[in-house]
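Quick look at entry_15.txt (compact mmCIF, C-alpha atoms):
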# COMPACT_ATOMS: atom_id res chain seq x y z
CA MET N 497 -3.70 -34.62 -33.75
CA SER N 498 -0.54 -33.99 -35.72
CA ASN N 499 2.86 -33.90 -34.07
CA LEU N 500 3.22 -30.17 -34.68
CA VAL N 501 -0.08 -29.36 -32.98
CA LYS N 502 0.87 -31.56 -30.02
CA LYS N 503 4.20 -29.79 -29.71
CA LEU N 504 2.58 -26.37 -29.91
CA PHE N 505 0.02 -27.37 -27.30
CA ALA N 506 2.79 -28.63 -25.00
CA LEU N 507 4.79 -25.42 -25.45
CA VAL N 508 1.78 -23.25 -24.63
CA LEU N 509 0.97 -25.40 -21.59
CA ILE N 510 4.54 -25.21 -20.26
CA GLY N 511 4.67 -21.47 -21.04
CA PHE N 512 1.41 -20.93 -19.13
CA SER N 513 2.75 -22.95 -16.18
CA LEU N 514 5.90 -20.82 -16.15
CA HIS N 515 3.68 -17.72 -16.21
CA LEU N 516 1.81 -19.00 -13.12
CA VAL N 517 5.13 -19.61 -11.36
CA ILE N 518 6.25 -16.04 -12.18
CA ILE N 519 2.99 -14.58 -10.85
CA TYR N 520 3.06 -16.80 -7.75
CA TYR N 521 6.60 -15.84 -6.77
CA THR N 522 6.48 -12.13 -7.69
CA PRO N 523 5.37 -10.99 -4.16
CA SER N 524 8.09 -13.05 -2.44
CA LEU N 525 10.69 -11.67 -4.85
CA MET N 526 9.44 -8.12 -4.18
CA MET N 527 9.71 -8.79 -0.45
CA LYS N 528 13.28 -10.05 -0.93
CA PHE N 529 14.09 -6.99 -3.07
CA ILE N 530 12.70 -4.56 -0.49
CA GLY N 531 14.47 -6.43 2.30
CA ARG N 532 17.79 -6.82 0.52
CA ASN N 533 19.52 -4.48 3.02
CA TRP N 534 17.60 -5.44 6.16
CA GLU N 535 20.30 -7.74 7.49
CA GLU N 536 23.13 -5.25 7.14
CA GLN N 537 20.89 -2.52 8.62
CA ASN N 538 20.27 -4.78 11.60
CA MET N 539 16.51 -4.66 11.05
CA ILE N 540 15.80 -8.38 11.47
CA ASN N 541 14.29 -9.03 14.90
CA ASN N 542 15.19 -5.45 15.77
CA SER N 543 12.95 -2.44 15.62
CA PHE N 544 13.41 0.34 13.08
CA ALA N 545 11.86 3.78 12.82
CA ARG N 546 11.24 5.85 9.72
CA ASP N 547 10.84 9.61 9.45
CA LEU N 548 7.66 10.90 7.86
CA PRO N 549 7.99 10.16 4.15
CA ASP N 550 8.69 13.04 1.78
CA SER N 551 9.48 13.36 -1.92
CA GLU N 552 12.94 11.84 -1.34
CA PHE N 553 11.42 8.66 0.08
CA THR N 554 11.52 5.87 -2.52
CA GLU N 555 11.75 2.76 -0.35
CA VAL N 556 8.17 1.77 -1.14
CA ILE N 557 5.83 3.04 -3.80
CA ARG N 558 2.89 5.27 -2.75
CA PRO N 559 3.94 5.92 0.85
CA SER N 560 1.41 7.52 3.16
CA ALA N 561 2.44 11.03 4.21
CA ASP N 562 0.05 10.97 7.19
CA ILE N 563 1.61 8.00 8.90
CA LEU N 564 4.69 7.56 11.03
CA TYR N 565 6.07 4.10 10.30
CA GLY N 566 8.05 1.86 12.58
CA GLY N 567 8.40 -1.89 12.71
CA CYS N 568 10.73 -4.82 12.44
CA ALA N 569 11.55 -7.50 9.94
CA TYR N 570 11.34 -10.89 11.59
CA ASP N 571 12.77 -14.36 11.48
CA VAL N 572 10.92 -16.61 13.92
CA THR N 573 12.38 -19.92 12.72
CA TYR N 574 13.73 -20.88 16.17
CA PHE N 575 12.25 -18.48 18.72
CA PRO N 576 9.13 -16.32 18.94
CA LEU N 577 9.50 -12.58 18.61
CA VAL N 578 8.32 -10.38 21.45
CA ILE N 579 7.07 -6.94 20.42
CA GLU N 580 6.55 -4.28 23.05
CA THR N 581 5.42 -0.71 22.63
CA GLU N 582 3.24 2.02 23.97
CA VAL N 583 0.25 2.99 21.85
CA PRO N 584 -0.91 6.54 21.10
CA GLU N 585 -4.33 8.10 21.58
CA SER N 586 -4.58 8.73 17.83
CA TYR N 587 -5.13 5.94 15.30
CA TRP N 588 -2.47 3.24 15.24
CA SER N 589 -2.12 -0.29 14.00
CA ILE N 590 0.43 -3.06 14.12
CA SER N 591 0.15 -5.22 11.03
CA PHE N 592 2.00 -8.35 10.05
CA PHE N 593 3.03 -9.30 6.52
CA SER N 594 4.19 -12.79 5.64
CA GLU N 595 6.96 -13.68 3.22
CA ASN N 596 4.53 -13.37 0.29
CA THR N 597 3.32 -9.90 1.49
CA ASP N 598 -0.08 -11.13 2.83
CA ASN N 599 -1.38 -9.00 5.69
CA PHE N 600 -2.27 -11.99 7.87
CA SER N 601 -2.95 -10.12 11.11
CA THR N 602 -3.55 -6.59 12.35
CA ILE N 603 -3.86 -5.40 15.93
CA ASN N 604 -5.28 -1.93 16.45
CA GLU N 605 -7.11 0.36 18.86
CA ASN N 606 -10.25 -1.77 18.58
CA VAL N 607 -8.59 -4.51 20.64
CA HIS N 608 -6.16 -2.48 22.75
CA SER N 609 -7.00 1.14 23.37
CA PHE N 610 -4.19 2.60 25.47
CA GLY N 611 -1.02 2.00 27.47
CA LYS N 612 1.61 -0.65 26.91
CA LEU N 613 1.13 -3.43 24.40
CA LYS N 614 2.91 -6.77 24.14
CA ILE N 615 2.65 -9.18 21.22
CA TYR N 616 4.20 -12.64 20.89
CA LEU N 617 4.82 -13.59 17.27
CA PHE N 618 5.25 -17.31 16.64
CA GLY N 619 6.45 -19.13 13.55
CA PRO N 620 4.29 -21.59 11.57
CA ASN N 621 5.79 -24.69 13.16
CA SER N 622 5.73 -23.62 16.78
CA MET N 623 3.21 -24.44 19.47
CA PRO N 624 2.25 -21.11 21.04
CA THR N 625 2.21 -21.23 24.80
CA LYS N 626 -0.53 -19.46 26.71
CA VAL N 627 0.41 -15.93 27.68
CA ASN N 628 -1.28 -13.65 30.17
CA ASP N 629 0.40 -10.40 29.35
CA GLY N 630 -0.15 -9.91 25.65
CA PHE N 631 -1.51 -11.04 22.30
CA ILE N 632 -0.41 -14.11 20.35
CA VAL N 633 0.07 -13.91 16.59
CA VAL N 634 1.12 -16.89 14.47
CA SER N 635 2.91 -16.14 11.24
CA PRO N 636 2.32 -18.45 8.25
CA SER N 637 5.99 -18.01 7.29
CA ASN N 638 9.18 -17.87 9.33
CA ASN N 639 10.15 -14.56 7.78
CA GLY N 640 8.15 -11.41 7.24
CA LEU N 641 7.61 -7.84 8.30
CA MET N 642 5.73 -6.11 11.10
CA LEU N 643 4.70 -2.50 10.52
CA MET N 644 3.47 -0.09 13.16
CA ARG N 645 1.48 2.81 11.74
CA GLN N 646 0.70 5.94 13.75
CA PHE N 647 -1.60 8.60 12.33
CA ILE N 648 -0.04 12.06 12.71
CA GLY N 649 -3.33 13.99 12.48
CA ASP N 650 -2.60 17.72 12.47
CA GLY N 651 1.01 17.08 13.50
CA SER N 652 0.66 18.74 16.90
CA LYS N 653 1.56 15.53 18.76
CA ILE N 654 4.42 14.49 16.54
CA ASP N 655 6.96 14.58 19.40
CA LYS N 656 4.89 12.16 21.45
CA LEU N 657 4.39 9.90 18.42
CA ASN N 658 8.14 9.91 17.76
CA GLU N 659 8.68 8.98 21.40
CA ILE N 660 6.27 6.06 21.05
CA GLN N 661 7.91 5.03 17.80
CA ASN N 662 11.28 4.96 19.55
CA SER N 663 9.82 2.90 22.40
CA LEU N 664 8.98 0.09 19.99
CA ASP N 665 11.04 -2.94 20.87
CA CYS N 666 11.37 -6.24 18.98
CA SER N 667 13.49 -9.05 20.37
CA LEU N 668 13.54 -12.82 20.21
CA GLU N 669 12.19 -14.43 23.36
CA GLY N 670 15.01 -15.33 25.69
CA SER N 671 17.56 -13.15 23.94
CA MET H 914 24.15 -30.16 -31.82
CA ILE H 915 20.93 -29.99 -33.84
CA LEU H 916 19.06 -31.48 -30.89
CA LEU H 917 20.58 -28.93 -28.52
CA ARG H 918 19.60 -26.10 -30.85
CA ARG H 919 16.08 -27.46 -31.06
CA TYR H 920 15.72 -27.59 -27.24
CA LEU H 921 17.15 -24.09 -26.98
CA LEU H 922 14.46 -22.91 -29.41
CA TYR H 923 11.80 -24.68 -27.33
CA LEU H 924 13.13 -22.97 -24.21
CA ILE H 925 13.04 -19.55 -25.85
CA ALA H 926 9.50 -20.25 -27.11
CA VAL H 927 8.36 -21.26 -23.60
CA ILE H 928 9.87 -18.12 -22.07
CA LEU H 929 8.26 -15.92 -24.73
CA ILE H 930 4.89 -17.59 -24.18
CA ALA H 931 5.22 -17.10 -20.39
CA VAL H 932 6.13 -13.43 -20.86
CA ALA H 933 3.20 -12.97 -23.25
CA PHE H 934 0.76 -14.57 -20.76
CA THR H 935 2.18 -12.39 -17.95
CA TYR H 936 1.91 -9.21 -20.02
CA ALA H 937 -1.62 -10.06 -21.18
CA SER H 938 -2.76 -10.99 -17.66
CA ALA H 939 -1.38 -7.69 -16.27
CA LYS H 940 -3.31 -5.75 -18.92
CA LEU H 941 -6.50 -7.76 -18.36
CA TYR H 942 -6.10 -7.37 -14.61
CA GLU H 943 -5.90 -3.58 -14.89
CA GLU H 944 -9.05 -3.71 -17.00
CA PHE H 945 -11.25 -6.00 -14.93
CA ALA H 946 -10.03 -6.43 -11.34
CA PHE H 947 -10.65 -2.90 -10.09
CA ILE H 948 -14.00 -1.67 -8.88
CA GLU H 949 -14.78 1.67 -10.51
CA ASN H 950 -16.62 4.42 -8.66
CA ASP H 951 -16.73 7.59 -10.79
CA ASN H 952 -13.13 8.81 -11.10
CA TRP H 953 -11.88 6.36 -8.44
CA GLN H 954 -10.79 2.75 -8.63
CA ILE H 955 -10.19 0.27 -5.85
CA LEU H 956 -9.06 -3.30 -5.38
CA PRO H 957 -11.62 -4.83 -3.01
CA SER H 958 -9.11 -6.92 -1.04
CA PRO H 959 -5.57 -5.68 -1.62
CA GLY H 960 -3.93 -7.08 1.51
CA ASP H 961 -6.17 -10.05 2.39
CA LYS H 962 -4.48 -13.38 2.88
CA ASN H 963 -7.19 -15.06 0.76
CA ARG H 964 -6.62 -12.86 -2.30
CA ASP H 965 -5.84 -14.56 -5.61
CA ILE H 966 -2.30 -14.81 -6.96
CA TYR H 967 -2.87 -12.07 -9.54
CA THR H 968 -4.04 -9.58 -6.88
CA ARG H 969 -1.12 -10.52 -4.66
CA ALA H 970 1.35 -9.93 -7.52
CA ASN H 971 -0.32 -6.69 -8.59
CA VAL H 972 -0.35 -5.23 -5.07
CA ALA H 973 3.27 -6.30 -4.52
CA MET H 974 4.25 -4.30 -7.58
CA ARG H 975 2.06 -1.26 -6.82
CA GLY H 976 1.84 -0.90 -3.05
CA THR H 977 3.45 -3.94 -1.43
CA PHE H 978 2.24 -3.60 2.18
CA ALA H 979 -1.47 -2.96 1.77
CA LEU H 980 -3.69 -3.58 4.78
CA ALA H 981 -6.47 -6.12 4.62
CA LYS H 982 -10.10 -5.08 5.02
CA PRO H 983 -11.70 -3.82 7.24
CA GLU H 984 -8.62 -1.85 8.35
CA ALA H 985 -8.37 0.40 5.32
CA ALA H 986 -9.81 1.13 1.88
CA TYR H 987 -7.42 2.48 -0.75
CA PHE H 988 -8.96 4.35 -3.67
CA HIS H 989 -6.84 5.72 -6.52
CA ALA H 990 -7.68 8.22 -9.23
CA TYR H 991 -5.73 8.65 -12.44
CA ASN H 992 -8.48 10.54 -14.28
CA ASP H 993 -10.83 13.39 -13.59
CA ILE H 994 -14.61 13.04 -13.70
CA GLU H 995 -14.51 13.57 -17.50
CA GLU H 996 -12.20 10.52 -17.72
CA MET H 997 -9.23 12.64 -18.80
CA ASN H 998 -5.78 11.90 -17.36
CA LEU H 999 -4.79 14.05 -14.39
CA GLN H 1000 -2.12 16.39 -15.77
CA GLY H 1001 0.35 18.56 -13.87
CA ASN H 1002 -0.24 21.58 -16.10
CA CYS H 1003 -3.92 21.66 -15.10
CA THR H 1004 -5.65 22.76 -11.91
CA TYR H 1005 -8.30 20.51 -10.39
CA HIS H 1006 -11.06 20.95 -7.85
CA LEU H 1007 -11.55 17.91 -5.62
CA PHE H 1008 -14.73 18.23 -3.60
CA GLY H 1009 -17.12 16.10 -1.62
CA ASN H 1010 -18.55 15.31 1.77
CA ASP H 1011 -16.85 14.13 4.93
CA ILE H 1012 -16.34 10.34 4.93
CA GLU H 1013 -17.52 8.32 7.91
CA SER H 1014 -14.43 6.55 9.22
CA ARG H 1015 -11.70 6.83 11.86
CA TRP H 1016 -9.82 9.13 9.49
CA TRP H 1017 -9.13 9.60 5.81
CA SER H 1018 -6.64 11.42 3.63
CA ILE H 1019 -5.95 12.64 0.11
CA THR H 1020 -2.38 12.24 -1.24
CA VAL H 1021 -0.91 13.29 -4.60
CA TYR H 1022 1.73 11.11 -6.31
CA ASN H 1023 3.91 11.73 -9.32
CA GLU H 1024 4.01 9.43 -12.34
CA ASP H 1025 6.34 7.01 -10.55
CA GLY H 1026 4.10 6.77 -7.49
CA TYR H 1027 6.25 8.91 -5.18
CA LEU H 1028 5.35 12.06 -3.24
CA VAL H 1029 5.60 15.29 -5.23
CA GLU H 1030 8.55 17.55 -4.43
CA ASN H 1031 7.40 20.93 -3.11
CA ASN H 1032 8.87 23.66 -0.94
CA GLU H 1033 5.76 23.75 1.23
CA LYS H 1034 6.21 20.06 2.19
CA ILE H 1035 2.48 19.50 1.76
CA TYR H 1036 2.07 16.02 0.32
CA ALA H 1037 -1.36 15.12 1.65
CA LEU H 1038 -4.36 16.49 3.52
CA ASN H 1039 -6.16 14.40 6.09
CA SER H 1040 -9.57 14.68 7.72
CA GLU H 1041 -8.09 16.32 10.83
CA ILE H 1042 -6.46 19.19 8.99
CA ILE H 1043 -8.86 19.80 6.13
CA ASP H 1044 -10.79 23.02 6.50
CA PHE H 1045 -14.41 21.84 6.12
CA ASN H 1046 -17.20 24.02 4.77
CA VAL H 1047 -20.16 25.05 6.94
CA ASP H 1048 -22.32 22.36 5.31
CA GLY H 1049 -19.80 19.63 6.24
CA GLY H 1050 -18.38 19.32 2.74
CA PHE H 1051 -14.87 20.20 1.64
CA ASP H 1052 -12.96 21.63 -1.31
CA ILE H 1053 -9.33 20.80 -2.16
CA PHE H 1054 -7.41 22.32 -5.06
CA LEU H 1055 -4.76 20.27 -6.85
CA THR H 1056 -2.46 22.60 -8.72
CA ASN H 1057 1.07 23.64 -9.61
CA ASP H 1058 0.03 27.14 -10.66
CA ASN H 1059 1.61 29.64 -8.23
CA ASN H 1060 -0.87 32.38 -9.17
CA PHE H 1061 -3.74 30.06 -8.38
CA ILE H 1062 -2.08 28.97 -5.12
CA SER H 1063 -1.74 32.60 -4.03
CA LYS H 1064 -5.51 32.96 -4.50
CA VAL H 1065 -6.36 29.83 -2.47
CA ALA H 1066 -3.45 29.95 0.00
CA GLU H 1067 -5.80 29.97 2.98
CA LYS H 1068 -7.84 27.07 1.62
CA ASN H 1069 -7.09 23.38 1.13
CA TRP H 1070 -4.60 22.73 -1.64
CA ILE H 1071 -1.89 20.24 -2.64
CA ARG H 1072 0.83 20.87 -5.19
CA THR H 1073 0.93 18.63 -8.25
CA PRO H 1074 3.98 17.85 -10.43
CA SER H 1075 4.61 20.54 -13.04
CA ASP H 1076 5.00 18.64 -16.26
CA GLU H 1077 3.73 15.09 -15.96
CA SER H 1078 0.61 13.15 -15.21
CA PHE H 1079 -0.12 12.33 -11.60
CA SER H 1080 -2.44 10.27 -9.44
CA VAL H 1081 -4.44 10.84 -6.28
CA ALA H 1082 -4.92 8.36 -3.44
CA LEU H 1083 -7.84 8.43 -1.06
CA ARG H 1084 -7.10 6.33 2.03
CA ILE H 1085 -9.95 5.58 4.40
CA TYR H 1086 -9.12 3.95 7.74
CA LEU H 1087 -11.63 1.87 9.71
CA PRO H 1088 -14.68 2.80 7.62
CA GLY H 1089 -16.62 -0.17 9.02
CA GLU H 1090 -17.02 -3.73 7.74
CA GLU H 1091 -20.10 -3.05 5.61
CA TYR H 1092 -18.35 -0.25 3.71
CA PHE H 1093 -16.50 -2.91 1.72
CA SER H 1094 -19.71 -4.47 0.44
CA LYS H 1095 -20.78 -1.26 -1.33
CA LEU H 1096 -17.52 0.08 -2.77
CA LYS H 1097 -19.17 0.76 -6.12
CA ARG H 1098 -21.86 2.96 -4.58
CA VAL H 1099 -20.19 4.81 -1.68
CA ASP H 1100 -20.16 8.59 -1.84
CA LEU H 1101 -16.65 9.70 -2.89
CA PRO H 1102 -15.15 13.07 -3.76
CA VAL H 1103 -15.29 14.30 -7.35
CA ILE H 1104 -12.23 15.55 -9.24
CA GLU H 1105 -13.10 18.25 -11.73
CA LYS H 1106 -10.70 20.06 -14.06
CA LEU H 1107 -10.77 23.85 -13.62
CA GLU H 1108 -8.16 25.15 -16.08
CA CYS H 1109 -4.95 24.20 -17.87
CA GLU H 1110 -1.90 26.37 -18.50
CA ASP H 1111 -1.72 25.48 -22.20
CA GLU H 1112 -5.39 26.16 -22.90
Let me see the structure of the file written as structure tokens.
Amino acid sequence: MSNLVKKLFALVLIGFSLHLVIIYYTPSLMMKFIGRNWEEQNMINNSFARDLPDSEFTEVIRPSADILYGGCAYDVTYFPLVIETEVPESYWSISFFSENTDNFSTINENVHSFGKLKIYLFGPNSMPTKVNDGFIVVSPSNNGLMLMRQFIGDGSKIDKLNEIQNSLDCSLEGS
Amino acid sequence: MILLRRYLLYLIAVILIAVAFTYASAKLYEEFAFIENDNWQILPSPGDKNRDIYTRANVAMRGTFALAKPEAAYFHAYNDIEEMNLQGNCTYHLFGNDIESRWWSITVYNEDGYLVENNEKIYALNSEIIDFNVDGGFDIFLTNDNNFISKVAEKNWIRTPSDESFSVALRIYLPGEEYFSKLKRVDLPVIEKLECEDE
């Protein structure tokens, strides 16, 4: 093989490797981009609530107009996060997204149908203790996002759903 | 200096090659990764933690926080049943049968993927508010034509953008585990063009 061919082959190989790195890190970069203001908005380990999306809403692409969103960004490096909320009669889900945007866990009406709900979210390096009053979720990354979705249906129960959304509480254990 | 220039050229070449691979993979992904079902397309596992790196990157760019199966199925349509782009100057008839699931909805997005501005504040119709026909089916009109809207005001309709292409999302929540094994064959609504303002 001539020197030129070897060099070309090496360049293509390195270029392809760089391409894989770009693809691999794109979700994490998107997560960082979306969360660039979370700290100053006090959304990390604290709950947030969003109004129903409309045409002015550009925080995420293709928002669902039938869902009331709440949630919290999390950092469980040192302590687990405790999430407490009521759940509505209509469809709801609490889903967890790791640093690379994977939906690694979802809790919904199939496992908890009504009343108060408590979830303990642990980081990847912690040893979850047994709990009697809620669900345990282990995040594959220290940082990520929890989203609570509530289906608004015909909109007649929007006040109750807003109330539930405002009852959502996220706090580090012991804080 | 010559050596430095040579390494700089290598660096530029590597970056260009990486960009070319990324561009080509994005195009190929659009072509092959989606399951097609008439005018709809779907990624079989948009939010799953076991998805491949290309799916993860694609979803991060297009939807970011997609739920994993079996929580939800996200179908998107950019074309009508005749495989023509959905255009804001045309009126469309979206019709089909009720979908077995916890709930489902139809949402219209503008070219950029955001909800379409409209005075009526109707961005989507879901299975709890759609007015179903006696036979269990439904009809939804997608239009920006005010004359047409006045004729179907009492029926199901969603406003589309006036002068650009648009897309439609069909979200189905808790359709059951087995639904995901037959995404190519499930019964989905049809989008048919009725008329266009320029025609």
| request: Find the residues near Ile603 (chain N): any atom within 7 Å, counting all atoms listed in the file, skip ones fewer than 3 places away on the same chain, and give them as a list in words. | output: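 With the cut-off at 7 Å, the set is Ser589, Ile590, Ser591 and Val607 of chain N.
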| query | Of the residues N:Ser551, N:Asn533, N:Ser637, N:Thr581, which is the one nearest to chain H, using all atoms listed in the file? | reply |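 Going through N:Ser551, N:Asn533, N:Ser637, N:Thr581 one by one, the smallest distance to chain H is for N:Ser551.
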| Contacts of Ile1062 (chain H) at 12 Å or less, counting only C-alpha atoms, minus same-chain residues fewer than 2 places along, as a list in words? |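 My reading of the contact set: Thr1004, Tyr1005, Glu1033, Ile1053, Phe1054, Leu1055, Thr1056, Asn1057, Asp1058, Asn1059, Asn1060, Lys1064, Val1065, Ala1066, Glu1067, Lys1068, Asn1069, Trp1070, Ile1071, Arg1072 and Thr1073 of chain H.
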Go ahead and dump the residues you just picked, C-alpha atoms, as a PDB file, in the coordinates of the input.
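Okay, this is what ended up in selection27.pdb:
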ATOM      1  CA  THR H1004      -5.650  22.760 -11.910  1.00  0.00           C
ATOM      2  CA  TYR H1005      -8.300  20.510 -10.390  1.00  0.00           C
ATOM      3  CA  GLU H1033       5.760  23.750   1.230  1.00  0.00           C
ATOM      4  CA  ILE H1053      -9.330  20.800  -2.160  1.00  0.00           C
ATOM      5  CA  PHE H1054      -7.410  22.320  -5.060  1.00  0.00           C
ATOM      6  CA  LEU H1055      -4.760  20.270  -6.850  1.00  0.00           C
ATOM      7  CA  THR H1056      -2.460  22.600  -8.720  1.00  0.00           C
ATOM      8  CA  ASN H1057       1.070  23.640  -9.610  1.00  0.00           C
ATOM      9  CA  ASP H1058       0.030  27.140 -10.660  1.00  0.00           C
ATOM     10  CA  ASN H1059       1.610  29.640  -8.230  1.00  0.00           C
ATOM     11  CA  ASN H1060      -0.870  32.380  -9.170  1.00  0.00           C
ATOM     12  CA  LYS H1064      -5.510  32.960  -4.500  1.00  0.00           C
ATOM     13  CA  VAL H1065      -6.360  29.830  -2.470  1.00  0.00           C
ATOM     14  CA  ALA H1066      -3.450  29.950   0.000  1.00  0.00           C
ATOM     15  CA  GLU H1067      -5.800  29.970   2.980  1.00  0.00           C
ATOM     16  CA  LYS H1068      -7.840  27.070   1.620  1.00  0.00           C
ATOM     17  CA  ASN H1069      -7.090  23.380   1.130  1.00  0.00           C
ATOM     18  CA  TRP H1070      -4.600  22.730  -1.640  1.00  0.00           C
ATOM     19  CA  ILE H1071      -1.890  20.240  -2.640  1.00  0.00           C
ATOM     20  CA  ARG H1072       0.830  20.870  -5.190  1.00  0.00           C
ATOM     21  CA  THR H1073       0.930  18.630  -8.250  1.00  0.00           C
TER      22      THR H1073
END
| Any idea what the distance is between CA of Val578 (chain N) and CA of Gly960 (chain H)? |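 Atom-to-atom, CA of Val578 (chain N) and CA of Gly960 (chain H) are spaced 23.6 Å apart.
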| Contacts of Gly651 (chain N) at 12 Å or less, counting only C-alpha atoms, minus same-chain residues fewer than 5 places along, as a list in words? |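 The filter keeps Leu548, Ala561, Asp562, Ile563, Leu564, Ser586, Gln646, Lys656, Leu657 and Asn658 of chain N; Leu1038, Asn1039, Glu1041 and Ile1042 of chain H.
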| note | If you count all atoms listed in the file, the residue of H:Gln954, H:Ser1094, H:Asn1032, H:Ser1075 closest to chain N turns out to be H:Asn1032
| Counting all atoms listed in the file, what is within 8 Å of Tyr987 (chain H), bar same-chain residues fewer than 6 positions away, as JSON, numbers by chain? | {"H": [955, 956, 1082, 1083, 1084, 1085]}
| field | H:Leu916, H:Leu921, H:Ala946, H:Ala1037 ranked by distance to chain N, top pick (using all atoms listed in the file) | value |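 Of H:Leu916, H:Leu921, H:Ala946, H:Ala1037, the one nearest chain N is H:Ala1037, counting all atoms listed in the file.
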